[in-house]
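Chemist: I'd like to ask you about the structure that follows.
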Amino acid sequence: MYKIMIIDDNHISVDGICHNIDWSDLNAEVACKAYDGQQALDYLQNNMVDLIISDIEMPQLDGLSLAQNALKINSSIKIILISAFDKFEYAKQAIRLGAFDYIEKPLDYSYLKKIIRNALSMLNKEQRNLEILKQSRPIMIDNFFHKLIQSSSDEARYTLSNYADYLQLNLDYHYYQAIVIQIQNATDIKEKKGIEEYHIKLMSMSDTIKELFNEHFSLIHTLTSFDEIVLVIAHNYSNQKYFYNASYELLTELLQLYKNSFFELNIGIGNIVKYLWTLSVSYSNALKSLEYRFFFPQKNIFTLGDTIDNDYSAELYEVSGHEKLIQLLCENDLDGVEKWILSFSEELTQNYKNKQFIFIRIYQLLGHLLKFLCDMGIRSNDMEKDIIKTYQHLDSFSTSTEIFQWLSSLCQTISDKINLSAQSRQEHVCTATINYIHQHYQDNTLCLNEIANNVHISPAHLSALFKKQRQQNISDVITDIRIETACNLLKNTNLSLKEISAKVGYSNQYYFSSCFKKKTGQTPSSYR
Amino acid sequence: MIIVPLTMLSIIWVADQMTNKINHLSHSMSEIKMDDVIDSTQIDKLVPSSSTHLDEIDSLTVTCANMISELNSSFENNLQLKIQEEKLNYQLLQSQINPHFLYNILASVQNLLSFGEITKANKMLADLSLFYKGLLRTSNDLIPIKKELEIAQLYMEMEALCKDNLFDWNIDMEEGIENFLICKFTLQPILENSIQHGFKGNGIHMHIDISIRYDDDMIEIMIADNGIGMSPEKLNELREGIVSKQIHYEKHFGISNINSRICSSLQGHGTLRVESNKDTGTTIYIRIPQLLEDY
């Protein structure tokens, strides 16, 4: 039953609305009749109302201020305002305030009923959506942490800072850490036990983790995906060391617990960060740590400390050098690439005495290149295979020189591919553009935006690209095609100028004539 | 011998010049019609451009031109006054008919009928027709106080019905005073102000006191409500309007309109005064001379 409130300083009007609307048909009842704004507000403070029907002109607190105050008390309330016939200014104000609708006196009750019905059905929809929103809160919290560990700090702050309050998350702690717990034998278990069983076990492990950490950390959130659980923890420890030790011990305990269960776990520990919004750094470190599992098959917990004796950590994750290489590759600067590889090899051989570290660096680089190729949409199976094969058999290289030679020939291939791909892609876009123009030149709304939309790149980019490839503006091409067709029509048919101009995509025959003259130096009729 | 014909010639020449000018002037003046804004271009053409060399005819022309421009400006003034008066009459008529009030009452009657309150609907319709009959029938500007009171009571009864007796009123009148004359449509706008703006809200009841008594050789009418009253700023604004006798078409038209009418010579220069305190109510005092109908 929807609760309705009716307010008018004219008692008879209130009774009139009450009496002339079939409330039961609307599944509603009049919960309150008020005769001035103050009475109405007093009632609203203590009672739930779904819909207000109020006159605007009332002494002291008028309908507009009442609406404003009512919405402050309950923002989902629907308000229908009524006023004398010629006060259009009120209507504008009413809508601006957020009233649902505005009707004029004298009241047409059947119309009023229709509006009430609309308002109630809108209210119904909003309530349903609100319910759904409330139910989806746990999912939203999961999404929140997903986004948090995957976005850069600025982006995370920008998109998420409002949500913490809304989701009632307390996120104000001294230290934060992300930990990745990987199920190494996930595929195996799924095959043997079935996916459902696997996920039930995974969920119960997630609960175990929460229980385990509950005593020592204030914020514990687990994100369970297919083959891993990401654990986000935070607490007000007095220093990083305590935090680190606490989480390390608990994780060791966890491993002990699961030692003989069917889950084989690998745990990557991220570094400890001081700001919530930089959790993504911790997360990517945790992932990076896990990557070194390859070199330490006997261990289950990985931290940056395992892979680096000295303080190489900064360099190890230094990827700006890679960007430089990719840039050189894109620019097709082979000398630059050669130089880059040379300095890269020098740096590696001088800094790292350990063969494994060199492998790690090369492995990183290859990973980066693969990702780049993938992003560019350049698929080349043999090259990928080559990279993966080399990666798997890094040991087969006997000297570092061999590796770098191979690397430089790989770069050569990549560079060629990029070039070829860029060329062919641009050419492809231009052809598609011209084809599209040929098909649509008769349409007088044809424009750059439409074409760009069709060839799937931005208008500005298309314009520049086309000009570069064809040394011609797209608009010129369109005009050329149109005028050429017009010439044919002029020569071979008896159509009027107006018909021809419409046929070739000009909305206006005079504009057509002037374009024609500009292009050919003649007016259409003299050409004929 | 030569002097005589020369003198003759020059006399003839001078006389001819004069006659010419007089002819032009009289011709131009005969063109002038009094029924519209005077077209002075003809005369203006005759006004000599240099002021150094003026004969009697020239100065006559200048005087004539001046006179015409004065006539024109006074004509313009008259027109403005006329327009203002018409506007005022129109506003007065508009506020007498009071369309919002009319719609409101008619809608109320319709509602009463819809829930079967035939007696109330009947009474309201009767009140409404008597109210407009009283307001619009007599073309006289002055009516006996008792008639004016009738109109006011009809109005209040209708409003009381709409507002479910949220206010009541009391009329206190000294003997014989009901036969003196008052400007028609003096009390109703004041009461309307009280009823439209005076309620304190929250369902608080309001009382209106109307008293009419002798005050030396004048009559004093007091209309007092115990409603929400006015803030000092608002009161000052209203008082300034009353002192300057300005008529505000947008704001407090009612009060300023009543004021300008009772101050006029027709009402023997009455006065209007407002007292008001925030939260305790507003009182309006009207003093008018004791006028009786001529038989």
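Letters for chains follow the order of the structure tokens (A, B, ...), residue numbers begin at 1 for each chain, and ligand numbers begin at 1 in the order shown.
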If we count only C-alpha atoms, which residues of chain A reach to within 12 Å of chain B? Please list them as a tab-separated table (two decimals) with N, CA and C atoms, in the first residue's frame.
Modeler:
```tsv
chain	number	residue	atom	x	y	z
A	7	ILE	N	-1.97	17.99	0.55
A	7	ILE	CA	-1.85	19.26	1.26
A	7	ILE	C	-2.49	20.37	0.44
A	8	ASP	N	-3.41	21.09	1.05
A	8	ASP	CA	-3.98	22.28	0.43
A	8	ASP	C	-4.57	23.10	1.57
A	9	ASP	N	-4.46	24.43	1.48
A	9	ASP	CA	-5.05	25.21	2.56
A	9	ASP	C	-6.57	25.26	2.40
A	10	ASN	N	-7.06	24.85	1.24
A	10	ASN	CA	-8.50	24.73	1.07
A	10	ASN	C	-8.92	23.31	1.42
A	11	HIS	N	-9.62	23.18	2.55
A	11	HIS	CA	-9.99	21.85	3.05
A	11	HIS	C	-10.84	21.09	2.04
A	12	ILE	N	-11.69	21.83	1.36
A	12	ILE	CA	-12.58	21.17	0.42
A	12	ILE	C	-11.78	20.55	-0.73
A	13	SER	N	-10.71	21.24	-1.16
A	13	SER	CA	-9.88	20.69	-2.23
A	13	SER	C	-9.24	19.39	-1.78
A	14	VAL	N	-8.76	19.37	-0.54
A	14	VAL	CA	-8.13	18.14	-0.02
A	14	VAL	C	-9.15	17.01	-0.04
A	15	ASP	N	-10.35	17.30	0.49
A	15	ASP	CA	-11.39	16.27	0.51
A	15	ASP	C	-11.75	15.86	-0.91
A	16	GLY	N	-11.74	16.85	-1.81
A	16	GLY	CA	-12.08	16.56	-3.20
A	16	GLY	C	-11.12	15.56	-3.81
A	17	ILE	N	-9.83	15.77	-3.62
A	17	ILE	CA	-8.84	14.84	-4.17
A	17	ILE	C	-9.01	13.48	-3.52
A	18	CYS	N	-9.19	13.51	-2.22
A	18	CYS	CA	-9.38	12.28	-1.45
A	18	CYS	C	-10.53	11.47	-2.02
A	19	HIS	N	-11.61	12.18	-2.27
A	19	HIS	CA	-12.86	11.51	-2.61
A	19	HIS	C	-12.92	11.10	-4.07
A	20	ASN	N	-12.30	11.87	-4.94
A	20	ASN	CA	-12.51	11.64	-6.37
A	20	ASN	C	-11.48	10.73	-7.02
A	21	ILE	N	-10.52	10.25	-6.25
A	21	ILE	CA	-9.54	9.33	-6.82
A	21	ILE	C	-9.81	7.95	-6.22
A	33	LYS	N	-3.83	14.06	5.64
A	33	LYS	CA	-4.34	15.27	5.01
A	33	LYS	C	-3.78	16.44	5.80
A	34	ALA	N	-3.12	17.37	5.13
A	34	ALA	CA	-2.57	18.51	5.87
A	34	ALA	C	-3.07	19.78	5.21
A	35	TYR	N	-3.17	20.85	6.03
A	35	TYR	CA	-3.76	22.07	5.50
A	35	TYR	C	-2.77	23.23	5.45
A	36	ASP	N	-1.55	22.98	5.88
A	36	ASP	CA	-0.48	23.94	5.59
A	36	ASP	C	0.85	23.21	5.58
A	37	GLY	N	1.86	23.89	5.07
A	37	GLY	CA	3.16	23.25	4.84
A	37	GLY	C	3.78	22.74	6.12
A	38	GLN	N	3.63	23.50	7.20
A	38	GLN	CA	4.28	23.12	8.44
A	38	GLN	C	3.74	21.81	9.00
A	39	GLN	N	2.40	21.71	8.96
A	39	GLN	CA	1.75	20.47	9.40
A	39	GLN	C	2.32	19.29	8.61
A	40	ALA	N	2.42	19.49	7.30
A	40	ALA	CA	2.89	18.42	6.42
A	40	ALA	C	4.31	18.02	6.80
A	41	LEU	N	5.17	19.00	7.01
A	41	LEU	CA	6.56	18.70	7.35
A	41	LEU	C	6.66	17.95	8.67
A	42	ASP	N	5.86	18.38	9.66
A	42	ASP	CA	5.88	17.71	10.96
A	42	ASP	C	5.54	16.24	10.79
A	43	TYR	N	4.53	15.98	9.96
A	43	TYR	CA	4.13	14.59	9.74
A	43	TYR	C	5.26	13.81	9.07
A	55	ASP	N	-0.74	21.70	-3.03
A	55	ASP	CA	-1.00	22.98	-3.66
A	55	ASP	C	0.27	23.82	-3.53
A	57	GLU	N	0.23	27.46	-3.74
A	57	GLU	CA	-0.04	28.72	-3.02
A	57	GLU	C	-0.66	28.45	-1.66
A	58	MET	N	0.18	28.55	-0.65
A	58	MET	CA	-0.29	28.40	0.73
A	58	MET	C	0.41	29.45	1.58
A	59	PRO	N	-0.26	29.92	2.64
A	59	PRO	CA	0.40	30.92	3.48
A	59	PRO	C	1.63	30.33	4.17
A	60	GLN	N	2.56	31.19	4.53
A	60	GLN	CA	3.85	30.79	5.16
A	60	GLN	C	4.60	29.80	4.28
A	61	LEU	N	4.69	28.54	4.68
A	61	LEU	CA	5.48	27.57	3.93
A	61	LEU	C	4.70	27.13	2.68
A	62	ASP	N	5.13	27.61	1.51
A	62	ASP	CA	4.35	27.27	0.32
A	62	ASP	C	4.79	25.91	-0.25
A	83	SER	N	-1.21	24.08	-9.06
A	83	SER	CA	-1.29	25.53	-8.92
A	83	SER	C	-2.35	26.13	-9.82
A	84	ALA	N	-2.60	27.41	-9.58
A	84	ALA	CA	-3.58	28.13	-10.39
A	84	ALA	C	-3.17	28.09	-11.85
A	85	PHE	N	-4.14	28.41	-12.71
A	85	PHE	CA	-3.97	28.12	-14.12
A	85	PHE	C	-2.84	28.82	-14.84
A	86	ASP	N	-2.45	30.02	-14.40
A	86	ASP	CA	-1.56	30.78	-15.27
A	86	ASP	C	-0.17	31.00	-14.68
A	87	LYS	N	0.19	30.24	-13.64
A	87	LYS	CA	1.48	30.50	-13.01
A	87	LYS	C	2.55	29.57	-13.60
A	104	GLU	N	-2.34	21.89	-13.29
A	104	GLU	CA	-3.01	23.17	-13.10
A	104	GLU	C	-4.42	22.96	-12.58
A	105	LYS	N	-4.88	23.99	-11.87
A	105	LYS	CA	-6.28	24.01	-11.47
A	105	LYS	C	-7.08	24.55	-12.64
A	106	PRO	N	-8.33	24.26	-12.82
A	106	PRO	CA	-9.11	23.30	-12.04
A	106	PRO	C	-8.65	21.87	-12.31
A	107	LEU	N	-8.75	21.04	-11.27
A	107	LEU	CA	-8.21	19.69	-11.37
A	107	LEU	C	-9.08	18.81	-12.26
A	108	ASP	N	-8.37	18.09	-13.14
A	108	ASP	CA	-9.04	17.04	-13.89
A	108	ASP	C	-8.65	15.74	-13.18
A	109	TYR	N	-9.59	15.17	-12.44
A	109	TYR	CA	-9.23	14.06	-11.56
A	109	TYR	C	-8.72	12.84	-12.31
```
Chemist: Env of Leu272 (chain B): 9 Å cut, atoms = only C-alpha atoms, seq-sep filter 2 positions within chain, self excluded. Answer as number ranges by chain.
Modeler: B: 242, 255, 258-259, 262-263, 270, 274, 284-288
Chemist: Can you pull out the residues contacting Ile141 (chain A)? Cut-off 9 Å, using only C-alpha atoms, and skip same-chain residues under 3 positions away; I want them as a list in words.
Modeler: Ser136, Arg137, Pro138, Phe144, Phe145, His146, Tyr163, Ala164, Leu167 and Leu169 of chain A
Chemist: For those residues, write C-alpha atoms to a file as a PDB file, in the first residue's frame.
Modeler:
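Output below, filename out_3.pdb:
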```pdb
ATOM      1  CA  SER A 136      24.746  -6.253  -4.994  1.00  0.00           C
ATOM      2  CA  ARG A 137      26.771  -4.538  -2.313  1.00  0.00           C
ATOM      3  CA  PRO A 138      29.142  -7.506  -1.732  1.00  0.00           C
ATOM      4  CA  PHE A 144      36.029  -1.975  -5.612  1.00  0.00           C
ATOM      5  CA  PHE A 145      39.060  -4.034  -4.586  1.00  0.00           C
ATOM      6  CA  HIS A 146      39.505  -5.441  -8.082  1.00  0.00           C
ATOM      7  CA  TYR A 163      32.642   4.655  -3.089  1.00  0.00           C
ATOM      8  CA  ALA A 164      34.405   3.921   0.195  1.00  0.00           C
ATOM      9  CA  LEU A 167      30.001   0.948   0.731  1.00  0.00           C
ATOM     10  CA  LEU A 169      34.275   0.544   4.102  1.00  0.00           C
TER      11      LEU A 169
END
```
Chemist: Taking the backbone alone, and naming residues the way the document does, which bits of region 100-236 of chain B are strand (DSSP E or B) by DSSP, as a PyMOL selection string?
Modeler: chain B and resi 142-144+167-173+181-183+206-215+218-225
Chemist: Save out the residues we just selected, C-alpha atoms, as a short mmCIF file (atom, residue, chain, number, x, y, z; two decimals), in the first residue's frame.
Modeler:
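This went into part39.cif:
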```
data_model
loop_
_atom_site.label_atom_id
_atom_site.label_comp_id
_atom_site.auth_asym_id
_atom_site.auth_seq_id
_atom_site.Cartn_x
_atom_site.Cartn_y
_atom_site.Cartn_z
CA LEU B 142 -19.52 55.24 -2.82
CA ILE B 143 -21.81 52.80 -1.07
CA PRO B 144 -23.23 52.63 2.46
CA PHE B 167 -10.60 31.58 11.31
CA ASP B 168 -13.57 33.53 12.68
CA TRP B 169 -14.45 37.18 12.94
CA ASN B 170 -16.38 39.67 14.96
CA ILE B 171 -17.97 42.92 13.82
CA ASP B 172 -18.48 45.73 16.26
CA MET B 173 -20.31 48.79 15.00
CA LEU B 181 -20.74 56.10 2.77
CA ILE B 182 -17.51 54.36 1.98
CA CYS B 183 -15.56 53.59 -1.18
CA MET B 206 -6.95 33.12 13.54
CA HIS B 207 -9.38 35.76 14.68
CA ILE B 208 -10.29 38.95 12.81
CA ASP B 209 -11.79 41.92 14.61
CA ILE B 210 -13.63 44.55 12.64
CA SER B 211 -14.74 47.65 14.47
CA ILE B 212 -16.36 50.78 13.08
CA ARG B 213 -16.76 53.78 15.35
CA TYR B 214 -17.14 57.53 15.45
CA ASP B 215 -14.02 59.57 15.98
CA MET B 218 -14.74 61.27 11.26
CA ILE B 219 -15.30 57.53 11.11
CA GLU B 220 -12.56 55.08 12.08
CA ILE B 221 -12.58 51.54 10.74
CA MET B 222 -10.22 49.06 12.33
CA ILE B 223 -9.46 45.61 10.90
CA ALA B 224 -7.21 43.58 13.21
CA ASP B 225 -6.03 40.01 12.87
#
```
Chemist: Pick out the closest residue to Leu446 (chain A) from this set: A:Cys32, A:Ile474, A:Leu97, A:Ala178. Count only C-alpha atoms.
Modeler: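 Of A:Cys32, A:Ile474, A:Leu97, A:Ala178, the one nearest Leu446 (chain A) is A:Ile474, counting only C-alpha atoms.
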Chemist: Can you list, as a count of residues only, all residues belonging to region 2-206 of chain B that DSSP tags as alpha helix (DSSP H)?
Modeler: 141
Chemist: In Å, with one decimal, what is the gap from CA of Glu31 (chain B) to CA of Gln80 (chain B)?
Modeler: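 Going from CA of Glu31 (chain B) over to CA of Gln80 (chain B) covers 26.2 Å.
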Chemist: Give me, as a tab-separated table (two decimals) with C-alpha atoms, in the first residue's frame, all polymer residues having an atom no more than 6 Å from Gly505 (chain A), counting only C-alpha atoms and skipping those fewer than 4 positions away in the same chain.
Modeler:
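out17.tsv, written as the output of this step:
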```tsv
chain	number	residue	atom	x	y	z
A	441	TYR	CA	27.96	9.70	-51.68
A	442	GLN	CA	24.27	10.04	-52.61
A	443	ASP	CA	23.41	10.60	-49.03
A	444	ASN	CA	23.62	14.32	-48.29
```
